[in-house]
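Okay, structure first, notes after.
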Protein chains: 2
Amino acid sequence: MIEPVTSNANESPILKALVAENLVSDPAGARGRLLKEAARLFREKGYERTTVRDLAAAVGIQSGSLFHHFRTKEEILKAVMVETIRLNTAIMQQAMEAADTDRDKLRALILCELESITGQTGEAMAVLVYEWRSLSTAAQAGVLVLREIYEQLWLDVLDSLAAQGVVKAEPFVMRRMLTGALSWTVTWYRPNGGMTLSDLTDQVIAMLRLD
Amino acid sequence: MIEPVTSNANESPILKALVAENLVSDPAGARGRLLKEAARLFREKGYERTTVRDLAAAVGIQSGSLFHHFRTKEEILKAVMVETIRLNTAIMQQAMEAADTDRDKLRALILCELESITGQTGEAMAVLVYEWRSLSTAAQAGVLVLREIYEQLWLDVLDSLAAQGVVKAEPFVMRRMLTGALSWTVTWYRPNGGMTLSDLTDQVIAMLRLD
DNA sequence: CAATACCAAGCAAGCGCTTGGTTTGTAAAG
DNA sequence: CTTTACAAACCAAGCGCTTGCTTGGTATTG
């Protein structure tokens with residue numbers, strides 16, 4: 001049996017709620033642990049270079065035993081992506097409710113996305129970006145539905161800022177530019193490099209001249 | 001024999017010069033054709049998912065015959081990357097000489113990078129971004145040296161604009177944000193979608209509020 | 001006593017790459 | 001203008017290995 005983790009310091013109420021609804025696997029359980037290790041390996045070596053034997057070894061079981069939890073290797077990749085989007089969408093929706101002005105909301109969106117990229121779910125977020133092609137077309141379609149909910153959060157705020165004349169570029173173009181800019185941080189940003197995520201968010205705001 | 005292409009409408013003088021110096025393979029020759037097909041396949045399916053049999057079939061030879069041109073599959077990937085950087089660095093250096101102000105230079109850099117990403121070398125540029133991990137550490141180091149020359153072109157212009165107070169964010173952060181934003185266009189921008197590359201460049205300038 | 005989680009073993013397919021031999025292009029020698 | 005020589009380009013076959021996944025059986029658990 002994949003050894004369970006008894007206590008976890010980062011038990012956010014958002015995560016707990018999603019686990020209760022069975023939308024995200026409990027990170028302390030067997031399935032959750034495997035997905036976490038899978039995200040790490042997929043990011044580190046890429047999906048194709050990661051073998052089912054690698055995945056099994058990471059959680060201390062035999063490669064064949066993997067297929068009691070997932071039918072195929074691709075199903076593991078899809079699960080990593082789906083659960084990551086679900087969690088991050090929920091986190092962002094809560095941040096939106098807490099922010100007052102549209103400027104605050106944009107800052108919150110940027111900070112949230114940076115946190116998701118460089119923090120706990122960072123490996124999974126990177127997988128979402130870089131291993132997209134490894135999903136079959138059918139699986140891609142399923143994940144895309146979830147992504148659109150997430151994207152709409154951004155577009156609502158950017159549309160509003162554009163209507164106020166604060167933002168000059170077209171919202172949908174700007175969102176795509178920000179998607180690239182923020183997700184790229186995964187390749188270079190290191191938390192211990194003297195720059196906090198708040199600093200980095202400030203830099204983005206300064207680049208867009210929104211301060 | 002890999003059939004040679006007799007005439008090519010896009011013979012830029014820059015490309016010709018690099019071919020003459022043996023820094024870039026002639027796209028009409030056997031090696032050049034193979035690299036072009038390799039870039040296309042690597043982008044379409046990813047390096048790992050592309051087999052040497054796929055590569056060989058794309059140029060109409062047997063898989064074993066590939067190894068008369070390249071010692072390993074990885075050598076093909078590295079060659080795609082190296083030649084792409086060499087060509088685009090040369091193109092950009094020429095664009096820098098033609099531009100007067102720093103603002104013009106930044107616009108030229110953005111447009112050049114967008115052109116390289118969405119144009120002829122687009123597939124190779126995408127490979128450069130997305131297949132980086134598939135290179136061995138040794139090969140990565142070799143390619144990095146060439147990349148740094150390219151990056152310095154950007155930093156020189158951004159440093160200058162920052163000194164003038166036109167740009168508020170830190171140049172090296174801003175360059176990395178732009179790297180992500182521009183390279184991401186490869187996933188969504190389509191030339192036939194009613195938006196030219198010049199339009200797209202204007203959008204980036206508008207986003208940075210540099211107009 | 002069923003269900004769940006696992007192991008040990010291995011299969012069929014596909015992988016990068018090698019081998020030995022044949023064709024093709026080029027150019028000097030007769 | 002032919003002959004001879006040779007290297008580069010290529011083919012057909014397949015080797016050794018790794019891959020995702022299957023199978024049949026065994027502990028563990030409620």
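Residues are named by chain letter and number: chains run A, B, ... in the order of the structure tokens, numbers start at 1 in each chain, and ligands are numbered from 1 in the order shown.
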After a least-squares superposition on chain A over all sequentially paired C-alpha atoms, what is chain B as a PDB file with C-alpha atoms, in the first residue's frame?
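Saved file selection_27.pdb follows:
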```
ATOM      1  CA  MET B   1       0.153  -0.005   0.020  1.00  0.00           C
ATOM      2  CA  ILE B   2       1.247   3.514  -0.679  1.00  0.00           C
ATOM      3  CA  GLU B   3       2.064   4.877   2.752  1.00  0.00           C
ATOM      4  CA  PRO B   4      -0.401   7.545   3.872  1.00  0.00           C
ATOM      5  CA  VAL B   5       0.720  10.886   5.240  1.00  0.00           C
ATOM      6  CA  THR B   6      -0.850  11.440   8.621  1.00  0.00           C
ATOM      7  CA  SER B   7      -0.671  15.201   8.997  1.00  0.00           C
ATOM      8  CA  ASN B   8      -0.320  18.008   6.516  1.00  0.00           C
ATOM      9  CA  ALA B   9       0.416  21.570   7.604  1.00  0.00           C
ATOM     10  CA  ASN B  10      -1.010  23.123   4.448  1.00  0.00           C
ATOM     11  CA  GLU B  11      -4.621  22.091   4.813  1.00  0.00           C
ATOM     12  CA  SER B  12      -6.430  25.002   3.259  1.00  0.00           C
ATOM     13  CA  PRO B  13     -10.204  25.101   3.647  1.00  0.00           C
ATOM     14  CA  ILE B  14     -10.532  25.398  -0.119  1.00  0.00           C
ATOM     15  CA  LEU B  15      -8.611  22.192  -0.669  1.00  0.00           C
ATOM     16  CA  LYS B  16     -10.610  20.443   2.043  1.00  0.00           C
ATOM     17  CA  ALA B  17     -13.888  21.450   0.446  1.00  0.00           C
ATOM     18  CA  LEU B  18     -12.799  20.160  -2.961  1.00  0.00           C
ATOM     19  CA  VAL B  19     -11.615  16.898  -1.448  1.00  0.00           C
ATOM     20  CA  ALA B  20     -14.952  16.520   0.330  1.00  0.00           C
ATOM     21  CA  GLU B  21     -16.754  17.003  -2.984  1.00  0.00           C
ATOM     22  CA  ASN B  22     -14.461  14.405  -4.565  1.00  0.00           C
ATOM     23  CA  LEU B  23     -13.268  16.938  -7.140  1.00  0.00           C
ATOM     24  CA  VAL B  24      -9.662  16.724  -5.971  1.00  0.00           C
ATOM     25  CA  SER B  25      -7.816  13.734  -4.509  1.00  0.00           C
ATOM     26  CA  ASP B  26      -6.733  13.937  -0.893  1.00  0.00           C
ATOM     27  CA  PRO B  27      -2.973  14.590  -1.040  1.00  0.00           C
ATOM     28  CA  ALA B  28      -2.570  12.353   2.001  1.00  0.00           C
ATOM     29  CA  GLY B  29      -4.213   9.421   0.231  1.00  0.00           C
ATOM     30  CA  ALA B  30      -2.716   6.950  -2.203  1.00  0.00           C
ATOM     31  CA  ARG B  31      -4.129   8.539  -5.327  1.00  0.00           C
ATOM     32  CA  GLY B  32      -3.210  12.051  -4.271  1.00  0.00           C
ATOM     33  CA  ARG B  33       0.342  11.099  -3.434  1.00  0.00           C
ATOM     34  CA  LEU B  34       0.783   9.413  -6.761  1.00  0.00           C
ATOM     35  CA  LEU B  35      -0.521  12.458  -8.619  1.00  0.00           C
ATOM     36  CA  LYS B  36       1.868  14.690  -6.739  1.00  0.00           C
ATOM     37  CA  GLU B  37       4.854  12.520  -7.614  1.00  0.00           C
ATOM     38  CA  ALA B  38       3.618  12.247 -11.189  1.00  0.00           C
ATOM     39  CA  ALA B  39       3.463  16.034 -11.485  1.00  0.00           C
ATOM     40  CA  ARG B  40       6.996  16.300 -10.164  1.00  0.00           C
ATOM     41  CA  LEU B  41       8.356  13.690 -12.570  1.00  0.00           C
ATOM     42  CA  PHE B  42       6.398  14.920 -15.580  1.00  0.00           C
ATOM     43  CA  ARG B  43       7.782  18.372 -15.017  1.00  0.00           C
ATOM     44  CA  GLU B  44      11.313  17.215 -14.356  1.00  0.00           C
ATOM     45  CA  LYS B  45      11.675  14.818 -17.259  1.00  0.00           C
ATOM     46  CA  GLY B  46       8.620  15.347 -19.396  1.00  0.00           C
ATOM     47  CA  TYR B  47       5.674  12.992 -19.801  1.00  0.00           C
ATOM     48  CA  GLU B  48       7.226  10.823 -22.515  1.00  0.00           C
ATOM     49  CA  ARG B  49      10.523  10.397 -20.737  1.00  0.00           C
ATOM     50  CA  THR B  50       8.787   9.393 -17.528  1.00  0.00           C
ATOM     51  CA  THR B  51       8.064   5.660 -17.515  1.00  0.00           C
ATOM     52  CA  VAL B  52       5.396   3.880 -15.548  1.00  0.00           C
ATOM     53  CA  ARG B  53       8.295   2.242 -13.715  1.00  0.00           C
ATOM     54  CA  ASP B  54       9.540   5.673 -12.660  1.00  0.00           C
ATOM     55  CA  LEU B  55       6.087   6.596 -11.382  1.00  0.00           C
ATOM     56  CA  ALA B  56       5.708   3.354  -9.469  1.00  0.00           C
ATOM     57  CA  ALA B  57       9.165   3.618  -7.920  1.00  0.00           C
ATOM     58  CA  ALA B  58       8.425   7.169  -6.761  1.00  0.00           C
ATOM     59  CA  VAL B  59       5.614   5.893  -4.543  1.00  0.00           C
ATOM     60  CA  GLY B  60       7.276   2.581  -3.713  1.00  0.00           C
ATOM     61  CA  ILE B  61       5.173   0.063  -5.609  1.00  0.00           C
ATOM     62  CA  GLN B  62       5.629  -2.159  -8.651  1.00  0.00           C
ATOM     63  CA  SER B  63       4.899  -0.765 -12.080  1.00  0.00           C
ATOM     64  CA  GLY B  64       2.021  -3.119 -12.676  1.00  0.00           C
ATOM     65  CA  SER B  65       0.302  -2.014  -9.494  1.00  0.00           C
ATOM     66  CA  LEU B  66      -0.152   1.447 -10.956  1.00  0.00           C
ATOM     67  CA  PHE B  67      -2.888   0.109 -13.156  1.00  0.00           C
ATOM     68  CA  HIS B  68      -5.118  -0.609 -10.193  1.00  0.00           C
ATOM     69  CA  HIS B  69      -5.337   3.139  -9.639  1.00  0.00           C
ATOM     70  CA  PHE B  70      -5.372   4.338 -13.247  1.00  0.00           C
ATOM     71  CA  ARG B  71      -6.266   2.484 -16.422  1.00  0.00           C
ATOM     72  CA  THR B  72      -3.575   4.116 -18.552  1.00  0.00           C
ATOM     73  CA  LYS B  73      -0.543   6.337 -18.147  1.00  0.00           C
ATOM     74  CA  GLU B  74      -2.364   9.103 -19.980  1.00  0.00           C
ATOM     75  CA  GLU B  75      -5.150   8.976 -17.401  1.00  0.00           C
ATOM     76  CA  ILE B  76      -2.574   9.970 -14.806  1.00  0.00           C
ATOM     77  CA  LEU B  77      -1.537  12.979 -16.871  1.00  0.00           C
ATOM     78  CA  LYS B  78      -5.126  14.041 -17.346  1.00  0.00           C
ATOM     79  CA  ALA B  79      -5.871  13.689 -13.637  1.00  0.00           C
ATOM     80  CA  VAL B  80      -2.894  15.901 -12.774  1.00  0.00           C
ATOM     81  CA  MET B  81      -4.204  18.582 -15.104  1.00  0.00           C
ATOM     82  CA  VAL B  82      -7.860  18.388 -14.131  1.00  0.00           C
ATOM     83  CA  GLU B  83      -7.258  18.518 -10.401  1.00  0.00           C
ATOM     84  CA  THR B  84      -4.808  21.378 -10.754  1.00  0.00           C
ATOM     85  CA  ILE B  85      -7.258  23.507 -12.693  1.00  0.00           C
ATOM     86  CA  ARG B  86     -10.065  22.761 -10.256  1.00  0.00           C
ATOM     87  CA  LEU B  87      -7.969  23.786  -7.269  1.00  0.00           C
ATOM     88  CA  ASN B  88      -6.592  26.948  -8.806  1.00  0.00           C
ATOM     89  CA  THR B  89      -9.942  28.068 -10.149  1.00  0.00           C
ATOM     90  CA  ALA B  90     -11.401  27.757  -6.660  1.00  0.00           C
ATOM     91  CA  ILE B  91      -8.504  29.691  -5.137  1.00  0.00           C
ATOM     92  CA  MET B  92      -8.885  32.473  -7.660  1.00  0.00           C
ATOM     93  CA  GLN B  93     -12.632  32.727  -7.289  1.00  0.00           C
ATOM     94  CA  GLN B  94     -12.138  33.315  -3.589  1.00  0.00           C
ATOM     95  CA  ALA B  95      -9.472  35.947  -4.247  1.00  0.00           C
ATOM     96  CA  MET B  96     -11.863  37.741  -6.589  1.00  0.00           C
ATOM     97  CA  GLU B  97     -14.488  37.975  -3.888  1.00  0.00           C
ATOM     98  CA  ALA B  98     -11.973  39.496  -1.494  1.00  0.00           C
ATOM     99  CA  ALA B  99     -10.782  42.229  -3.877  1.00  0.00           C
ATOM    100  CA  ASP B 100     -12.628  45.538  -4.227  1.00  0.00           C
ATOM    101  CA  THR B 101     -11.457  47.491  -7.272  1.00  0.00           C
ATOM    102  CA  ASP B 102     -10.673  46.059 -10.684  1.00  0.00           C
ATOM    103  CA  ARG B 103      -7.046  47.079 -10.220  1.00  0.00           C
ATOM    104  CA  ASP B 104      -6.942  45.061  -6.997  1.00  0.00           C
ATOM    105  CA  LYS B 105      -8.577  42.161  -8.759  1.00  0.00           C
ATOM    106  CA  LEU B 106      -5.982  42.164 -11.531  1.00  0.00           C
ATOM    107  CA  ARG B 107      -3.193  42.276  -8.992  1.00  0.00           C
ATOM    108  CA  ALA B 108      -4.827  39.399  -7.128  1.00  0.00           C
ATOM    109  CA  LEU B 109      -5.114  37.372 -10.330  1.00  0.00           C
ATOM    110  CA  ILE B 110      -1.462  37.933 -11.170  1.00  0.00           C
ATOM    111  CA  LEU B 111      -0.327  37.046  -7.659  1.00  0.00           C
ATOM    112  CA  CYS B 112      -2.539  33.962  -7.532  1.00  0.00           C
ATOM    113  CA  GLU B 113      -1.251  32.695 -10.841  1.00  0.00           C
ATOM    114  CA  LEU B 114       2.347  33.306  -9.803  1.00  0.00           C
ATOM    115  CA  GLU B 115       1.723  31.486  -6.551  1.00  0.00           C
ATOM    116  CA  SER B 116       0.158  28.538  -8.319  1.00  0.00           C
ATOM    117  CA  ILE B 117       3.065  28.426 -10.767  1.00  0.00           C
ATOM    118  CA  THR B 118       5.894  28.714  -8.275  1.00  0.00           C
ATOM    119  CA  GLY B 119       4.251  27.166  -5.222  1.00  0.00           C
ATOM    120  CA  GLN B 120       2.720  23.859  -4.234  1.00  0.00           C
ATOM    121  CA  THR B 121       0.903  23.217  -7.480  1.00  0.00           C
ATOM    122  CA  GLY B 122       3.747  24.664  -9.531  1.00  0.00           C
ATOM    123  CA  GLU B 123       4.897  21.358 -10.900  1.00  0.00           C
ATOM    124  CA  ALA B 124       1.378  20.491 -11.936  1.00  0.00           C
ATOM    125  CA  MET B 125       0.901  23.926 -13.527  1.00  0.00           C
ATOM    126  CA  ALA B 126       4.075  23.480 -15.564  1.00  0.00           C
ATOM    127  CA  VAL B 127       2.816  20.083 -16.687  1.00  0.00           C
ATOM    128  CA  LEU B 128      -0.424  21.732 -17.754  1.00  0.00           C
ATOM    129  CA  VAL B 129       1.516  24.095 -20.015  1.00  0.00           C
ATOM    130  CA  TYR B 130       4.312  21.925 -21.348  1.00  0.00           C
ATOM    131  CA  GLU B 131       2.706  18.504 -21.652  1.00  0.00           C
ATOM    132  CA  TRP B 132      -0.493  19.594 -23.324  1.00  0.00           C
ATOM    133  CA  ARG B 133       0.422  17.894 -26.613  1.00  0.00           C
ATOM    134  CA  SER B 134       0.895  14.579 -24.875  1.00  0.00           C
ATOM    135  CA  LEU B 135      -2.825  14.399 -24.145  1.00  0.00           C
ATOM    136  CA  SER B 136      -5.048  12.767 -26.728  1.00  0.00           C
ATOM    137  CA  THR B 137      -7.450  15.091 -28.519  1.00  0.00           C
ATOM    138  CA  ALA B 138     -10.381  13.663 -26.594  1.00  0.00           C
ATOM    139  CA  ALA B 139      -8.758  14.291 -23.233  1.00  0.00           C
ATOM    140  CA  GLN B 140      -7.711  17.788 -24.302  1.00  0.00           C
ATOM    141  CA  ALA B 141     -11.324  18.687 -24.989  1.00  0.00           C
ATOM    142  CA  GLY B 142     -12.339  17.616 -21.501  1.00  0.00           C
ATOM    143  CA  VAL B 143      -9.652  19.700 -19.842  1.00  0.00           C
ATOM    144  CA  LEU B 144     -10.384  22.705 -22.067  1.00  0.00           C
ATOM    145  CA  VAL B 145     -13.888  23.028 -20.647  1.00  0.00           C
ATOM    146  CA  LEU B 146     -12.421  23.539 -17.178  1.00  0.00           C
ATOM    147  CA  ARG B 147      -9.803  25.943 -18.492  1.00  0.00           C
ATOM    148  CA  GLU B 148     -12.390  28.226 -20.001  1.00  0.00           C
ATOM    149  CA  ILE B 149     -14.010  28.859 -16.642  1.00  0.00           C
ATOM    150  CA  TYR B 150     -10.626  29.848 -15.308  1.00  0.00           C
ATOM    151  CA  GLU B 151      -9.866  32.119 -18.261  1.00  0.00           C
ATOM    152  CA  GLN B 152     -13.188  33.915 -17.946  1.00  0.00           C
ATOM    153  CA  LEU B 153     -12.144  35.189 -14.527  1.00  0.00           C
ATOM    154  CA  TRP B 154      -9.289  37.043 -16.210  1.00  0.00           C
ATOM    155  CA  LEU B 155     -11.295  38.317 -19.153  1.00  0.00           C
ATOM    156  CA  ASP B 156     -14.002  39.787 -16.917  1.00  0.00           C
ATOM    157  CA  VAL B 157     -11.466  41.901 -15.056  1.00  0.00           C
ATOM    158  CA  LEU B 158      -9.509  42.924 -18.164  1.00  0.00           C
ATOM    159  CA  ASP B 159     -12.694  43.870 -20.034  1.00  0.00           C
ATOM    160  CA  SER B 160     -13.688  46.074 -17.149  1.00  0.00           C
ATOM    161  CA  LEU B 161     -10.267  47.764 -17.008  1.00  0.00           C
ATOM    162  CA  ALA B 162     -10.320  48.291 -20.777  1.00  0.00           C
ATOM    163  CA  ALA B 163     -13.735  49.948 -20.536  1.00  0.00           C
ATOM    164  CA  GLN B 164     -12.265  52.358 -17.989  1.00  0.00           C
ATOM    165  CA  GLY B 165      -9.376  53.122 -20.350  1.00  0.00           C
ATOM    166  CA  VAL B 166      -6.834  51.875 -17.836  1.00  0.00           C
ATOM    167  CA  VAL B 167      -5.792  49.100 -20.176  1.00  0.00           C
ATOM    168  CA  LYS B 168      -5.094  50.016 -23.793  1.00  0.00           C
ATOM    169  CA  ALA B 169      -4.459  46.623 -25.379  1.00  0.00           C
ATOM    170  CA  GLU B 170      -7.260  44.277 -26.347  1.00  0.00           C
ATOM    171  CA  PRO B 171      -8.196  42.151 -23.322  1.00  0.00           C
ATOM    172  CA  PHE B 172      -8.004  38.771 -25.034  1.00  0.00           C
ATOM    173  CA  VAL B 173      -4.584  39.595 -26.496  1.00  0.00           C
ATOM    174  CA  MET B 174      -3.399  40.933 -23.185  1.00  0.00           C
ATOM    175  CA  ARG B 175      -4.549  37.822 -21.344  1.00  0.00           C
ATOM    176  CA  ARG B 176      -2.610  35.643 -23.731  1.00  0.00           C
ATOM    177  CA  MET B 177       0.477  37.758 -23.325  1.00  0.00           C
ATOM    178  CA  LEU B 178       0.130  37.511 -19.559  1.00  0.00           C
ATOM    179  CA  THR B 179      -0.399  33.763 -19.757  1.00  0.00           C
ATOM    180  CA  GLY B 180       2.923  33.414 -21.517  1.00  0.00           C
ATOM    181  CA  ALA B 181       4.766  35.918 -19.348  1.00  0.00           C
ATOM    182  CA  LEU B 182       3.574  34.406 -16.055  1.00  0.00           C
ATOM    183  CA  SER B 183       3.899  30.750 -16.988  1.00  0.00           C
ATOM    184  CA  TRP B 184       7.420  31.423 -18.234  1.00  0.00           C
ATOM    185  CA  THR B 185       8.460  32.388 -14.704  1.00  0.00           C
ATOM    186  CA  VAL B 186       8.514  28.685 -13.933  1.00  0.00           C
ATOM    187  CA  THR B 187      11.723  28.441 -15.950  1.00  0.00           C
ATOM    188  CA  TRP B 188      13.663  31.157 -14.150  1.00  0.00           C
ATOM    189  CA  TYR B 189      12.087  32.404 -10.918  1.00  0.00           C
ATOM    190  CA  ARG B 190      13.479  30.985  -7.676  1.00  0.00           C
ATOM    191  CA  PRO B 191      11.820  31.969  -4.376  1.00  0.00           C
ATOM    192  CA  ASN B 192      15.170  32.141  -2.597  1.00  0.00           C
ATOM    193  CA  GLY B 193      16.666  34.574  -5.072  1.00  0.00           C
ATOM    194  CA  GLY B 194      15.913  37.723  -3.076  1.00  0.00           C
ATOM    195  CA  MET B 195      12.687  38.512  -4.925  1.00  0.00           C
ATOM    196  CA  THR B 196       9.343  37.650  -3.359  1.00  0.00           C
ATOM    197  CA  LEU B 197       6.251  36.860  -5.346  1.00  0.00           C
ATOM    198  CA  SER B 198       4.819  40.167  -4.217  1.00  0.00           C
ATOM    199  CA  ASP B 199       7.901  41.905  -5.640  1.00  0.00           C
ATOM    200  CA  LEU B 200       7.451  40.025  -8.862  1.00  0.00           C
ATOM    201  CA  THR B 201       3.786  41.016  -9.015  1.00  0.00           C
ATOM    202  CA  ASP B 202       4.846  44.649  -8.530  1.00  0.00           C
ATOM    203  CA  GLN B 203       7.234  44.280 -11.450  1.00  0.00           C
ATOM    204  CA  VAL B 204       4.436  43.044 -13.680  1.00  0.00           C
ATOM    205  CA  ILE B 205       2.219  45.940 -12.586  1.00  0.00           C
ATOM    206  CA  ALA B 206       5.115  48.323 -13.275  1.00  0.00           C
ATOM    207  CA  MET B 207       5.680  46.796 -16.685  1.00  0.00           C
ATOM    208  CA  LEU B 208       2.017  47.387 -17.531  1.00  0.00           C
ATOM    209  CA  ARG B 209       2.294  50.850 -15.936  1.00  0.00           C
ATOM    210  CA  LEU B 210      -0.764  50.253 -13.788  1.00  0.00           C
ATOM    211  CA  ASP B 211       0.643  51.712 -10.561  1.00  0.00           C
TER     212      ASP B 211
END
```
Query raised in the report: Which parts of region 21-195 of chain A does DSSP call helix (DSSP H, G or I) when run on the backbone here, written out as JSON, numbers by chain?
Result: {"A": [30, 31, 32, 33, 34, 35, 36, 37, 38, 39, 40, 41, 42, 43, 44, 45, 52, 53, 54, 55, 56, 57, 58, 59, 63, 64, 65, 66, 67, 68, 73, 74, 75, 76, 77, 78, 79, 80, 81, 82, 83, 84, 85, 86, 87, 88, 89, 90, 91, 92, 93, 94, 95, 96, 97, 98, 102, 103, 104, 105, 106, 107, 108, 109, 110, 111, 112, 113, 114, 115, 116, 117, 118, 122, 123, 124, 125, 126, 127, 128, 129, 130, 132, 133, 134, 137, 138, 139, 140, 141, 142, 143, 144, 145, 146, 147, 148, 149, 150, 151, 152, 153, 154, 155, 156, 157, 158, 159, 160, 161, 162, 163, 171, 172, 173, 174, 175, 176, 177, 178, 179, 180, 181, 182, 183, 184, 185, 186, 187]}
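Around DA29 (chain C), within 10 Å and counting only C-alpha atoms (C1' of nucleotides), the residues found are DT3, DT4 and DA5 of chain D, once anything fewer than 5 positions away on its own chain is removed.
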Report task. Tell me which protein, DNA and RNA residues are within 10 Å of DC11 (chain C), counting only C-alpha atoms (C1' of nucleotides), leaving out same-chain ones fewer than 4 positions away, and put them as a VMD selection string. Result -> chain D and resid 21 to 23
Write out the residues from the selection above, keeping C-alpha atoms (C1' of nucleotides), as an mmCIF file, in the first residue's frame.
```cif
data_model
loop_
_atom_site.group_PDB
_atom_site.id
_atom_site.type_symbol
_atom_site.label_atom_id
_atom_site.label_comp_id
_atom_site.auth_asym_id
_atom_site.auth_seq_id
_atom_site.Cartn_x
_atom_site.Cartn_y
_atom_site.Cartn_z
ATOM 1 C "C1'" DC D 21 0.393 -2.783 -20.033
ATOM 2 C "C1'" DT D 22 -1.453 -7.773 -18.707
ATOM 3 C "C1'" DT D 23 -1.768 -11.813 -16.115
#
```
Any chance you could tabulate, as a tab-separated table, the residues of chain D at most 8 Å from chain B with each one's nearest atom pair and distance in Å to one decimal, using only C-alpha atoms (C1' of nucleotides), in chain and rising number order?
```
residue	atom	partner	partner_atom	distance
D:DA9	C1'	B:Met1	CA	6.1
D:DC10	C1'	B:Ser65	CA	6.1
D:DC11	C1'	B:Gln62	CA	6.8
```
Output as a tab-separated table one row per residue of chain C within 12 Å of chain A: the closest atom pair and its distance in Å to one decimal place, counting only C-alpha atoms (C1' of nucleotides), sorted by chain and residue number ascending.
```
residue	atom	partner	partner_atom	distance
C:DT4	C1'	A:His68	CA	9.4
C:DA5	C1'	A:Met1	CA	6.0
C:DC6	C1'	A:Ser65	CA	6.3
C:DC7	C1'	A:Gln62	CA	6.9
C:DA8	C1'	A:Gln62	CA	9.2
C:DA9	C1'	A:Gly64	CA	10.4
C:DG10	C1'	A:Gly64	CA	11.1
```
